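So this one's my_file14.txt, compact mmCIF, C-alpha atoms:
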# COMPACT_ATOMS: atom_id res chain seq x y z
CA MET W 30 -9.31 16.17 -11.80
CA SER W 31 -7.24 13.55 -10.07
CA ASP W 32 -3.44 13.54 -10.01
CA LEU W 33 -3.36 9.76 -9.65
CA VAL W 34 -1.45 7.96 -12.37
CA PRO W 35 -2.20 4.28 -13.03
CA ARG W 36 0.72 1.91 -12.72
CA PRO W 37 1.63 -0.30 -15.67
CA ALA W 38 -0.09 -3.68 -15.69
CA GLY W 39 1.94 -6.29 -13.86
CA ALA W 40 4.13 -3.73 -12.11
CA ALA W 41 5.05 -5.18 -8.74
CA PRO W 42 7.09 -3.40 -6.08
CA ALA W 43 9.35 -6.43 -5.70
CA PRO W 44 9.60 -9.67 -7.67
CA ALA W 45 8.06 -12.74 -6.09
CA ASP W 46 10.99 -15.05 -6.69
CA GLY W 47 12.67 -17.77 -4.68
CA ASP W 48 15.49 -15.54 -3.42
CA ASN W 49 15.16 -15.88 0.35
CA ARG W 50 18.55 -14.56 1.38
CA TYR W 51 18.44 -12.11 4.28
CA LYS W 52 19.25 -8.97 2.29
CA ALA W 53 16.88 -9.94 -0.53
CA VAL W 54 14.00 -10.44 1.92
CA GLN W 55 14.80 -7.15 3.65
CA ASN W 56 14.83 -5.40 0.27
CA LYS W 57 11.50 -6.94 -0.76
CA LEU W 58 9.89 -5.99 2.56
CA GLU W 59 11.23 -2.44 2.25
CA LYS W 60 9.87 -2.07 -1.30
CA LEU W 61 6.51 -3.54 -0.33
CA GLY W 62 6.24 -1.26 2.70
CA LYS W 63 7.03 1.80 0.60
CA ALA W 64 4.56 0.76 -2.10
CA MET W 65 1.83 0.29 0.51
CA ASP W 66 2.65 3.65 2.13
CA ASP W 67 2.41 5.29 -1.31
CA ALA W 68 -0.86 3.50 -2.02
CA ALA W 69 -2.31 4.69 1.29
CA LEU W 70 -1.35 8.28 0.45
CA ASP W 71 -2.86 7.99 -3.03
CA LEU W 72 -6.06 6.49 -1.63
CA GLU W 73 -6.40 9.28 0.93
CA SER W 74 -5.97 11.85 -1.84
CA LEU W 75 -8.61 10.04 -3.90
CA ARG W 76 -11.01 9.91 -0.95
CA ARG W 77 -10.68 13.65 -0.33
CA SER W 78 -11.21 14.38 -4.01
CA MET W 79 -14.32 12.20 -4.11
CA ARG W 80 -15.68 13.80 -0.95
CA THR W 81 -15.09 17.28 -2.43
CA ASN W 82 -16.74 16.29 -5.71
CA ALA W 83 -19.71 14.84 -3.83
CA THR W 84 -20.19 18.14 -2.00
CA ARG W 85 -19.85 20.14 -5.21
CA THR W 86 -22.34 17.88 -6.96
CA GLU W 87 -24.80 18.38 -4.11
CA ASP W 88 -24.38 22.15 -4.52
CA VAL W 89 -25.00 21.80 -8.26
CA ALA W 90 -28.19 19.85 -7.57
CA LEU W 91 -29.37 22.67 -5.31
CA ALA W 92 -28.52 25.24 -8.00
CA ILE W 93 -30.41 23.20 -10.60
CA GLU W 94 -33.42 23.04 -8.30
CA ASN W 95 -33.26 26.79 -7.59
CA ALA W 96 -33.03 27.49 -11.34
CA GLY W 97 -36.35 25.71 -11.82
CA LEU W 98 -35.06 23.03 -14.17
CA ASP W 99 -36.67 19.65 -14.58
CA GLY W 100 -36.85 17.65 -11.34
CA LYS W 101 -35.27 14.65 -13.12
CA CYS W 102 -32.01 16.62 -13.35
CA VAL W 103 -32.09 17.36 -9.62
CA VAL W 104 -32.74 13.72 -8.77
CA ALA W 105 -29.99 12.47 -11.12
CA THR W 106 -27.49 14.99 -9.74
CA ASN W 107 -28.34 14.04 -6.17
CA LEU W 108 -27.85 10.37 -7.07
CA VAL W 109 -24.38 11.17 -8.42
CA SER W 110 -23.57 13.03 -5.21
CA ALA W 111 -24.74 10.09 -3.10
CA ALA W 112 -22.76 7.64 -5.24
CA LEU W 113 -19.59 9.72 -4.86
CA GLY W 114 -20.11 9.93 -1.09
CA GLY W 115 -20.59 6.15 -0.88
CA ALA W 116 -17.55 5.51 -3.02
CA ALA W 117 -15.50 7.82 -0.78
CA ILE W 118 -16.50 5.71 2.23
CA GLU W 119 -15.35 2.54 0.47
CA VAL W 120 -12.07 4.19 -0.57
CA ARG W 121 -11.56 5.08 3.09
CA ARG W 122 -11.92 1.40 4.00
CA LEU W 123 -9.44 0.47 1.31
CA HIS W 124 -7.06 3.16 2.59
CA ASP W 125 -7.30 1.76 6.12
CA THR W 126 -6.49 -1.72 4.80
CA ALA W 127 -3.51 -0.43 2.80
CA GLN W 128 -2.22 1.46 5.83
CA GLU W 129 -2.61 -1.59 8.07
CA THR W 130 -0.76 -3.70 5.50
CA ALA W 131 2.03 -1.12 5.33
CA ASP W 132 2.31 -1.05 9.13
CA LEU W 133 2.43 -4.85 9.32
CA THR W 134 5.04 -4.96 6.56
CA HIS W 135 7.29 -2.52 8.43
CA GLU W 136 6.81 -4.54 11.62
CA THR W 137 7.66 -7.75 9.77
CA GLN W 138 10.82 -6.14 8.38
CA ARG W 139 11.91 -5.08 11.87
CA THR W 140 11.17 -8.54 13.31
CA HIS W 141 13.03 -10.25 10.45
CA SER W 142 16.00 -7.98 11.04
CA LYS W 143 15.94 -8.65 14.77
CA LEU W 144 15.80 -12.43 14.26
CA TYR W 145 18.22 -12.86 11.36
CA GLY W 146 20.30 -9.66 11.09
CA ALA W 147 23.06 -10.78 13.45
CA LEU W 148 23.29 -14.18 11.75
CA ASP W 149 23.61 -12.48 8.37
CA ASP W 150 26.38 -10.22 9.74
CA ILE W 151 28.30 -13.24 10.96
CA ARG W 152 27.83 -15.17 7.72
CA SER W 153 28.63 -12.17 5.51
CA ASN W 154 31.79 -11.10 7.31
CA ARG W 155 33.75 -14.33 7.49
CA ARG W 156 36.02 -15.70 4.81
CA GLU W 157 35.08 -19.34 5.21
CA LYS W 158 32.21 -20.60 3.13
CA THR W 159 29.07 -21.50 5.04
CA PRO W 160 27.23 -24.73 4.24
CA ARG W 161 23.96 -24.26 2.47
CA PRO W 162 20.75 -24.77 4.43
CA GLY W 163 19.94 -28.45 4.78
CA PHE W 164 23.57 -29.56 4.42
CA PHE W 165 23.63 -31.16 7.88
CA ASP W 166 20.26 -32.87 7.39
CA ARG W 167 21.73 -35.56 5.14
Show me, as structure tokens, the structure contained in the file I just sent.
Amino acid sequence: MSDLVPRPAGAAPAPADGDNRYKAVQNKLEKLGKAMDDAALDLESLRRSMRTNATRTEDVALAIENAGLDGKCVVATNLVSAALGGAAIEVRRLHDTAQETADLTHETQRTHSKLYGALDDIRSNRREKTPRPGFFDR
């Protein structure tokens, strides 16, 4: 039995809103990276479980055959084993994609911090108000 728990429908790690301030973007990237890391771990757990179940099902098919039961049962059980093995391969691909997305998210967060962190420090630590973006374009 799997320990995976489905998330509520519409549950997002971070809201997709128009808040593009430095700290808000950093927070969203951090939440997304963590969610993708968690998803990759869950997918790896699922893949292992499916692989184990595929092996067990193959053993059951062999036991059914050795018990002399109807050949249809052996064929059906082997088909289940093959389906679980194939699904495990696809879950592995999904895991790899989730892990790549997590890695890219963490890289994006570091790059964003490198590009805009110092500017945010300057803007956040002074008493004078800073003009909003686009103020000088008028």
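Between CA of Thr137 (chain W) and CA of Arg121 (chain W) there is a distance of 24.1 Å.
Closest to Asp149 (chain W) among W:Asp166, W:Ala41, W:Gln55, W:Ala69 is W:Gln55, based on all atoms listed in the file.
Of the residues under consideration (W:Pro37, W:Ala116, W:Arg152, W:Ala64), W:Ala116 shows the shortest atom-to-atom contact distance to Ser78 (chain W) when counting all atoms listed in the file.
Between CA of Gly163 (chain W) and CA of Leu148 (chain W) there is a distance of 16.2 Å.
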Can you tell me which residues surround region 90-97 of chain W at a distance of at most 6 Å, considering only C-alpha atoms, apart from same-chain residues fewer than 2 positions away, and format the answer as a PDB file with C-alpha atoms, in the coordinates of the input?
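Result file follows (out_3.pdb):
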ATOM      1  CA  GLU W  87     -24.800  18.380  -4.110  1.00  0.00           C
ATOM      2  CA  ASP W  88     -24.380  22.150  -4.520  1.00  0.00           C
ATOM      3  CA  VAL W 103     -32.090  17.360  -9.620  1.00  0.00           C
ATOM      4  CA  THR W 106     -27.490  14.990  -9.740  1.00  0.00           C
ATOM      5  CA  ASN W 107     -28.340  14.040  -6.170  1.00  0.00           C
TER       6      ASN W 107
END
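Going from CA of Thr84 (chain W) over to CA of Ser110 (chain W), you cover 6.9 Å.
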So which residues touch Asn82 (chain W) within 10 Å, counting all atoms listed in the file, skipping near sequence neighbours fewer than 5 positions away, as a tab-separated table (two decimals) with C-alpha atoms, in the frame of the given file?
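To be explicit, this is the file written out as selection.tsv:
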chain	number	residue	atom	x	y	z
W	30	MET	CA	-9.31	16.17	-11.80
W	76	ARG	CA	-11.01	9.91	-0.95
W	77	ARG	CA	-10.68	13.65	-0.33
W	87	GLU	CA	-24.80	18.38	-4.11
W	88	ASP	CA	-24.38	22.15	-4.52
W	109	VAL	CA	-24.38	11.17	-8.42
W	110	SER	CA	-23.57	13.03	-5.21
W	113	LEU	CA	-19.59	9.72	-4.86
W	114	GLY	CA	-20.11	9.93	-1.09
W	117	ALA	CA	-15.50	7.82	-0.78
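Take the candidates W:Ala147, W:Arg156, W:Leu75, W:Leu108 and check each one against Val89 (chain W) using only C-alpha atoms; the shortest distance goes to W:Leu108.
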So, with all atoms listed in the file as the atoms that count, which of W:Asp99, W:Glu59, W:Glu157, W:Glu73 lies closest to Ser142 (chain W)? W:Glu59
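The nearest approach to Asp67 (chain W) among the residues W:Thr140, W:Ala127, W:Gly146, W:Gly115, with only C-alpha atoms taken into account, belongs to W:Ala127.
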